[in-house]
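To keep things clear, I will list the structure first and then write my remarks on it.
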Amino acid sequence: MCGIVGYVGEKQAAPILLDGLSKLEYRGYDSAGIAVFDGEKINMTKAKGRLKVLEEMTHNGATMPGVLGIGHTRWATHGEPSDVNAHPHMNKEGTIAVVHNGIIENYLKLKKKLIKKGYEFISDTDTEVIAHLLDYYYDGNPLRAITKVMHRMEGSYALGIIFRDHPEELYAVRKDSPLIVGSTDGGCIIASDVPAVLKYTRDVYFIENEEIVRMKSDSMEFFNVDEEPIEKESTHIEWDVDAAEKGGYEHFMLKEMYEQPKAIEDTFSPRIKGNDIVIEELGMSDDEIRAVKKIMIVACGSAYHAGVTGKYVLEGMARIPVEVDLASEFRYRDPILDEGTLVIVISQSGETADSLAALRESHARGAKVLGIVNVVGSSIAREADNVMYTWAGPEIAVATTKAYSCQLIALYLLSLKFSKVRGKITDSEMEQYIEDLKRIPDQVELLLNNKNKIQKFANRYLAARDVFFIGRGIDYAISLEGSLKLKEISYIHSEAYAAGELKHGTISLIEEGTLVTAVLTQEDLYKKMISNIVEVRTRGAFVLAVTNEGNDEIKRAADYVIFIPETNRFFTNSLAIIPLQLFGYYIAVGRGCDVDKPRNLAKSVTVE
């Protein structure tokens, strides 16, 4: 959620810190701040609101000289958004400064202890506890103080720390919250995500749990929590700088929607070998695949919606029972993980706190875990038994589009692989599935180029108060994601319902003029869906239908129809979601919303 940057080197730190924070704005935040050592003291500037406020206060960093510093964009958890609660936080003497992502679960206990010892607190944050704890244990040795604090803190944290007495050193610490470090030309940099460092380096180190790094302008040393030196290998980031820039588009979200054809192709192309699916990173032999008795898909948000689609596809193709769980609920229902259960954890960032916790719970119960993630070297990628990457590239907009589309492709590929190995599809059927898969990028591009029709329709509903999405089977899964796209960026109340549930209460919400979006891509369910459409129209609803080309009967039932190209019934989500993404986008733009950074939301949710 929050963003961390830090720099030590030969160049002025403040402009680098501000630039790095600007690349992390997509994560969501309500305040920002930087602290820079000027050769004599640590100077700090922080402010509530957008980063531009901080940039103006510091004249883009010019008023804060120094070559050592840390910066932060905060998303409030403990304490309201304010200048005082913004990071960095310092000890009373101003000799130690710290920025923190995560939550210190036992901070109240630690705070009471420190108050008894005479420490005074000026903020409502859990992070200020860290600054005072560091002060309490500091005896001239930063590494020793940091390890003592780590032994006493409970919860999740990524920390950037500077000490006035060690003006050439920058420290970084990590437990459960993401943190990367890298060497630049004449310095070292830390950040909580890759886009912040792409301008300066593409070779980074992913800090593991309870590891510490000490950086100078020309060196980098790694330690464990026992202060023992450790060796680490760097990871080369393939993303280029342009991939994290808007490239002429009005918003990152629009740019990323238009990147979907390529991202989809990049995800499936390396795994198609002739007329077969080869997923080398799966790490499962054919016998192991045949031995799978149940699959549990665990995820949050849009990744969960992809998982719901995955359930229909895996069960329909491979005939394997599939359960789909919200990661935030998974641990608390005491899940039954029998021998033969495969757990699939899906996450764009690979750092989603609840999904990571579900992964660890699965391991504790002896289950094999496959991660489907987008970010190379992320926590889920490293901790899962095997990882299947979605090659979506960097996704900056908070509302996911291309990463979700690539998650669908990954699930299709898994379904095809499992179906073939388990003897549920023939060679000729596999050949046809692959041909259908290869057509998806061009079909998605065709739908994207039809945006004007959707934009015109969206302009009619800028003042909508409630919008409902309905569907059956895979179409229900599509409706879930379409509804989320609309409400998270436009702030219009929207809900998705299984169409068969209308008479069980939902239909009472339909009023004259209410917009209902009906998704009909499953041919065997057309007639039932048309009956549902008629039900809501007779109660005053205006119905937007998304359906396959050739479904002419829908023209008489719905008020407005968007057609998608014909494809395999299992792959329709990849096409039907495109007009729904565009609809949500143009509604949000028309209402003047901050499309890339919707209120109260963050790109990477790294706390429970």
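Letters for chains follow the order of the structure tokens (A, B, ...), residue numbers begin at 1 for each chain, and ligand numbers begin at 1 in the order shown.
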>> Env of A:Leu134: 8 Å cut, atoms = only C-alpha atoms, seq-sep filter 4 positions within chain, self excluded. Answer as a list in words.
In response: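 The contact residues come out as Ile96, Ile130, Tyr138, Ala145, Ile146 and Val149 of chain A.
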Using C-alpha atoms, can you export the residues from the last selection as a short mmCIF file (atom, residue, chain, number, x, y, z; two decimals), in the first residue's frame?
```
data_model
loop_
_atom_site.label_atom_id
_atom_site.label_comp_id
_atom_site.auth_asym_id
_atom_site.auth_seq_id
_atom_site.Cartn_x
_atom_site.Cartn_y
_atom_site.Cartn_z
CA ILE A 96 17.18 8.78 13.75
CA ILE A 130 9.88 2.18 15.82
CA TYR A 138 20.93 2.48 19.96
CA ALA A 145 19.83 -1.60 17.48
CA ILE A 146 17.86 -2.71 14.42
CA VAL A 149 13.94 -3.83 17.58
#
```
> Which polymer residues have any atom within 9 Å of an atom of A:Ile492, counting only C-alpha atoms, with same-chain residues fewer than 5 positions away left out, as a list in words?
Replying inline: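 Here the answer would be Leu462, Ala463, Ala464, Arg465, Asp466, Val467, Leu486, Lys487 and Ala588 of chain A.
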Would you export the selected residues with C-alpha atoms as a PDB file, in the first residue's frame, please?
```pdb
ATOM      1  CA  LEU A 462     -22.940   9.487 -15.626  1.00  0.00           C
ATOM      2  CA  ALA A 463     -25.574  10.319 -13.025  1.00  0.00           C
ATOM      3  CA  ALA A 464     -26.542   6.725 -12.285  1.00  0.00           C
ATOM      4  CA  ARG A 465     -27.073   5.907  -8.628  1.00  0.00           C
ATOM      5  CA  ASP A 466     -27.201   2.107  -8.829  1.00  0.00           C
ATOM      6  CA  VAL A 467     -26.085  -0.354 -11.495  1.00  0.00           C
ATOM      7  CA  LEU A 486     -17.392   0.288 -12.354  1.00  0.00           C
ATOM      8  CA  LYS A 487     -17.688   0.946  -8.644  1.00  0.00           C
ATOM      9  CA  ALA A 588     -15.340   7.463 -14.319  1.00  0.00           C
TER      10      ALA A 588
END
```
> Nearest to A:Asn85 among A:Ala32, A:Ala358, A:Ala410, A:Ile180, with distances taken over only C-alpha atoms: which residue is it?
Replying inline: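 For A:Asn85, the nearest of the candidates is A:Ala32.
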> Using only C-alpha atoms, which residue out of A:Pro441, A:Ser156, A:Asp176, A:Arg319 lies closest to A:Asn106?
Replying inline: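 Closest candidate: A:Ser156.
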>> Taking only stretch 260-459 of chain A into account, list the residues labelled alpha helix (DSSP H) by DSSP (computed from the backbone), as number ranges by chain.
In response: A: 260-268, 286-290, 301-318, 327-330, 353-364, 379-383, 402-421, 427-448, 451-459
> Could you state the separation of atom CA of A:Ser479 and atom CA of A:Leu525 in Å, given to one decimal place?
Replying inline: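 It comes out at 14.8 Å.
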> Quick one, how far is atom CA of A:Asp524 from atom CA of A:Ser494?
Replying inline: 26.7 Å
> Using only C-alpha atoms, which of the listed residues (A:His236, A:Glu55, A:Ile434, A:Glu228) sits closest to A:Val204?
Replying inline: A:His236
> From the list A:Ile577, A:Val343, A:Ile237, A:Cys300, which residue is nearest A:Arg202 when using only C-alpha atoms?
Replying inline: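 For A:Arg202, the nearest of the given residues is A:Ile237.
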> If you count only C-alpha atoms, which residues fall within 12 Å of A:Glu481, apart from same-chain ones fewer than 2 positions away, as a ChimeraX atom specification?
Replying inline: /A:300-309,399-401,404-405,408,468-471,474-479,483-488,494-497,519,573-574,576-581,584
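Interatomic distance, atom CA of A:Gly118 against atom CA of A:Val98: 20.1 Å.
The residue set within 10 Å of A:Met90, counting only C-alpha atoms and dropping same-chain residues fewer than 2 places from it, reads Ala35, Ile42, Met44, His87, Pro88, Lys92, Glu93, Gly94, Thr95, Ile96, Ala97, Val98, Val99, Thr127, Glu128, Val129, Ile130, Ala131, His132, Leu134, Asp135, Ile161, Ile162 and Phe163 of chain A.
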>> I'd like to know which of A:Cys188, A:Val322, A:Arg556, A:Gln522 is closest to A:Leu342, using only C-alpha atoms.
In response: A:Val322
Set the distance at 12 Å and use only C-alpha atoms: which residues neighbour A:Ile336 once local chain neighbours fewer than 6 positions away are removed? I'd like the list as a short mmCIF file (atom, residue, chain, number, x, y, z; two decimals) with all heavy atoms, in the first residue's frame.
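Contents of part.cif, freshly written:
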```
data_model
loop_
_atom_site.label_atom_id
_atom_site.label_comp_id
_atom_site.auth_asym_id
_atom_site.auth_seq_id
_atom_site.Cartn_x
_atom_site.Cartn_y
_atom_site.Cartn_z
N LYS A 294 -8.46 -32.44 -5.84
CA LYS A 294 -9.21 -31.19 -5.62
C LYS A 294 -8.26 -30.01 -5.79
O LYS A 294 -7.08 -30.09 -5.45
CB LYS A 294 -9.82 -31.17 -4.22
CG LYS A 294 -10.62 -29.92 -3.91
CD LYS A 294 -11.30 -29.99 -2.54
CE LYS A 294 -10.30 -29.88 -1.41
NZ LYS A 294 -10.97 -29.78 -0.08
N ILE A 295 -8.80 -28.92 -6.32
CA ILE A 295 -8.03 -27.69 -6.45
C ILE A 295 -8.72 -26.60 -5.63
O ILE A 295 -9.95 -26.47 -5.66
CB ILE A 295 -7.92 -27.24 -7.92
CG1 ILE A 295 -7.07 -28.24 -8.72
CG2 ILE A 295 -7.32 -25.83 -8.03
CD1 ILE A 295 -7.03 -27.95 -10.21
N MET A 296 -7.93 -25.84 -4.89
CA MET A 296 -8.46 -24.69 -4.15
C MET A 296 -7.77 -23.44 -4.69
O MET A 296 -6.55 -23.32 -4.64
CB MET A 296 -8.21 -24.85 -2.65
CG MET A 296 -8.85 -26.08 -2.06
SD MET A 296 -8.78 -26.15 -0.25
CE MET A 296 -10.07 -24.99 0.16
N GLU A 323 -12.65 -25.40 -5.48
CA GLU A 323 -13.21 -24.44 -4.53
C GLU A 323 -12.48 -23.12 -4.73
O GLU A 323 -11.28 -23.10 -4.97
CB GLU A 323 -13.03 -24.90 -3.09
CG GLU A 323 -13.80 -26.16 -2.73
CD GLU A 323 -13.59 -26.56 -1.27
OE1 GLU A 323 -13.28 -25.66 -0.45
OE2 GLU A 323 -13.72 -27.75 -0.96
N PHE A 330 -9.87 -17.46 4.06
CA PHE A 330 -9.36 -18.83 3.91
C PHE A 330 -8.85 -19.42 5.23
O PHE A 330 -9.24 -20.51 5.63
CB PHE A 330 -8.24 -18.82 2.86
CG PHE A 330 -7.61 -20.17 2.62
CD1 PHE A 330 -8.29 -21.13 1.88
CD2 PHE A 330 -6.36 -20.48 3.10
CE1 PHE A 330 -7.72 -22.37 1.62
CE2 PHE A 330 -5.77 -21.71 2.86
CZ PHE A 330 -6.46 -22.66 2.13
N LEU A 342 -4.40 -29.39 -4.54
CA LEU A 342 -3.49 -28.39 -5.07
C LEU A 342 -4.08 -27.01 -4.78
O LEU A 342 -5.23 -26.74 -5.13
CB LEU A 342 -3.30 -28.55 -6.58
CG LEU A 342 -2.50 -27.46 -7.29
CD1 LEU A 342 -1.05 -27.44 -6.83
CD2 LEU A 342 -2.57 -27.62 -8.81
N VAL A 343 -3.30 -26.15 -4.13
CA VAL A 343 -3.74 -24.79 -3.85
C VAL A 343 -3.11 -23.85 -4.88
O VAL A 343 -1.90 -23.86 -5.07
CB VAL A 343 -3.35 -24.36 -2.42
CG1 VAL A 343 -3.75 -22.90 -2.17
CG2 VAL A 343 -4.00 -25.27 -1.38
N GLU A 361 -0.44 -20.78 5.24
CA GLU A 361 -1.35 -21.71 5.92
C GLU A 361 -1.44 -23.03 5.15
O GLU A 361 -1.47 -24.11 5.74
CB GLU A 361 -2.74 -21.07 6.03
CG GLU A 361 -3.78 -21.92 6.75
CD GLU A 361 -3.54 -22.02 8.24
OE1 GLU A 361 -2.75 -21.22 8.78
OE2 GLU A 361 -4.14 -22.92 8.85
N SER A 362 -1.48 -22.94 3.83
CA SER A 362 -1.54 -24.15 3.00
C SER A 362 -0.28 -24.99 3.18
O SER A 362 -0.35 -26.22 3.30
CB SER A 362 -1.71 -23.76 1.53
OG SER A 362 -2.89 -23.01 1.33
N ARG A 365 -0.22 -26.89 6.36
CA ARG A 365 -1.11 -28.05 6.35
C ARG A 365 -0.66 -29.10 5.33
O ARG A 365 -1.39 -30.06 5.06
CB ARG A 365 -2.54 -27.62 6.07
CG ARG A 365 -3.14 -26.78 7.20
CD ARG A 365 -4.46 -26.15 6.82
NE ARG A 365 -4.98 -25.32 7.89
CZ ARG A 365 -5.98 -25.67 8.71
NH1 ARG A 365 -6.57 -26.84 8.57
NH2 ARG A 365 -6.39 -24.85 9.65
N GLY A 366 0.51 -28.89 4.74
CA GLY A 366 1.10 -29.90 3.87
C GLY A 366 0.67 -29.87 2.43
O GLY A 366 0.93 -30.82 1.68
N ALA A 367 0.00 -28.81 2.00
CA ALA A 367 -0.48 -28.75 0.62
C ALA A 367 0.59 -28.21 -0.32
O ALA A 367 1.46 -27.43 0.07
CB ALA A 367 -1.73 -27.88 0.53
#
```
>> If DSSP is run on the backbone, what residues of stretch 196-278 of chain A are strand (DSSP E or B)? A reply as a VMD selection string would be ideal.
In response: chain A and resid 203 to 206 211 to 216 219 to 224 229 to 230 235 to 236 272 to 273 276 to 277
With C-alpha atoms retained, export the selected residues as a PDB file, in the first residue's frame.
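Saved to selection-v8.pdb:
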```
ATOM      1  CA  ASP A 203      19.395  -5.284 -11.342  1.00  0.00           C
ATOM      2  CA  VAL A 204      17.795  -5.510  -7.908  1.00  0.00           C
ATOM      3  CA  TYR A 205      17.888  -7.632  -4.771  1.00  0.00           C
ATOM      4  CA  PHE A 206      14.621  -8.780  -3.244  1.00  0.00           C
ATOM      5  CA  GLU A 211      16.854  -9.562   6.426  1.00  0.00           C
ATOM      6  CA  ILE A 212      18.756  -6.293   6.811  1.00  0.00           C
ATOM      7  CA  VAL A 213      20.822  -4.430   4.242  1.00  0.00           C
ATOM      8  CA  ARG A 214      23.431  -1.778   4.964  1.00  0.00           C
ATOM      9  CA  MET A 215      24.229   0.440   2.007  1.00  0.00           C
ATOM     10  CA  LYS A 216      26.895   2.991   1.252  1.00  0.00           C
ATOM     11  CA  SER A 219      28.805  -1.030  -1.262  1.00  0.00           C
ATOM     12  CA  MET A 220      25.912  -3.180  -0.092  1.00  0.00           C
ATOM     13  CA  GLU A 221      25.978  -5.724   2.755  1.00  0.00           C
ATOM     14  CA  PHE A 222      23.240  -8.143   3.790  1.00  0.00           C
ATOM     15  CA  PHE A 223      22.602  -9.587   7.255  1.00  0.00           C
ATOM     16  CA  ASN A 224      20.103 -11.862   8.966  1.00  0.00           C
ATOM     17  CA  PRO A 229      26.449 -11.720   6.925  1.00  0.00           C
ATOM     18  CA  ILE A 230      24.547 -13.451   4.121  1.00  0.00           C
ATOM     19  CA  THR A 235      17.460 -10.306 -10.256  1.00  0.00           C
ATOM     20  CA  HIS A 236      17.394  -8.566 -13.621  1.00  0.00           C
ATOM     21  CA  ILE A 272       2.190 -23.385 -26.596  1.00  0.00           C
ATOM     22  CA  LYS A 273       4.442 -25.937 -28.275  1.00  0.00           C
ATOM     23  CA  ASP A 276       0.392 -29.039 -26.892  1.00  0.00           C
ATOM     24  CA  ILE A 277       0.538 -26.966 -23.720  1.00  0.00           C
TER      25      ILE A 277
END
```
Proximity of stretch 417-497 of chain A to stretch 278-285 of chain A: per-residue shortest pair, 12 Å limit, only C-alpha atoms, as a tab-separated table:
```
residue	atom	partner	partner_atom	distance
A:Lys417	CA	A:Val278	CA	7.5
A:Phe418	CA	A:Met284	CA	10.4
A:Lys420	CA	A:Val278	CA	11.0
A:Val421	CA	A:Ser285	CA	9.6
A:Arg422	CA	A:Ser285	CA	11.8
```
Convert the current residue selection to file output with N, CA and C atoms, as a PDB file, in the first residue's frame.
```pdb
ATOM      1  N   LYS A 417      -3.915 -28.040 -19.905  1.00  0.00           N
ATOM      2  CA  LYS A 417      -2.871 -29.001 -19.531  1.00  0.00           C
ATOM      3  C   LYS A 417      -3.455 -30.143 -18.704  1.00  0.00           C
ATOM      4  N   PHE A 418      -4.220 -29.800 -17.691  1.00  0.00           N
ATOM      5  CA  PHE A 418      -4.804 -30.825 -16.821  1.00  0.00           C
ATOM      6  C   PHE A 418      -5.791 -31.696 -17.588  1.00  0.00           C
ATOM      7  N   LYS A 420      -5.820 -32.446 -20.821  1.00  0.00           N
ATOM      8  CA  LYS A 420      -5.134 -33.354 -21.740  1.00  0.00           C
ATOM      9  C   LYS A 420      -4.486 -34.508 -20.986  1.00  0.00           C
ATOM     10  N   VAL A 421      -3.790 -34.188 -19.896  1.00  0.00           N
ATOM     11  CA  VAL A 421      -3.095 -35.233 -19.128  1.00  0.00           C
ATOM     12  C   VAL A 421      -4.089 -36.219 -18.531  1.00  0.00           C
ATOM     13  N   ARG A 422      -5.232 -35.741 -18.115  1.00  0.00           N
ATOM     14  CA  ARG A 422      -6.234 -36.597 -17.465  1.00  0.00           C
ATOM     15  C   ARG A 422      -7.184 -37.250 -18.465  1.00  0.00           C
TER      16      ARG A 422
END
```
> Can you list, as a PyMOL selection string, every protein, DNA or RNA residue that comes within 8 Å of stretch 444-453 of chain A when you count only C-alpha atoms, leaving out same-chain residues fewer than 5 positions away?
Replying inline: chain A and resi 257-258+260-261+564+574-575+578-579+582
Keeping only C-alpha atoms, write the selected residues to a file as a CSV table (one decimal), in the first residue's frame.
```csv
chain,number,residue,atom,x,y,z
A,257,MET,CA,-6.4,-1.8,-21.5
A,258,TYR,CA,-4.8,-1.2,-24.9
A,260,GLN,CA,-4.0,-6.3,-23.2
A,261,PRO,CA,-3.6,-8.0,-26.7
A,564,ILE,CA,-18.4,-9.9,-28.8
A,574,SER,CA,-11.5,-12.6,-22.0
A,575,LEU,CA,-13.7,-10.9,-24.6
A,578,ILE,CA,-13.3,-5.6,-22.4
A,579,PRO,CA,-16.5,-3.6,-23.0
A,582,LEU,CA,-14.3,0.5,-21.1
```
> Given the choices A:Tyr29, A:Phe37, A:Phe570, A:Tyr119, which gets closest to A:Leu51 if the distance is worked out from only C-alpha atoms?
Replying inline: A:Tyr29
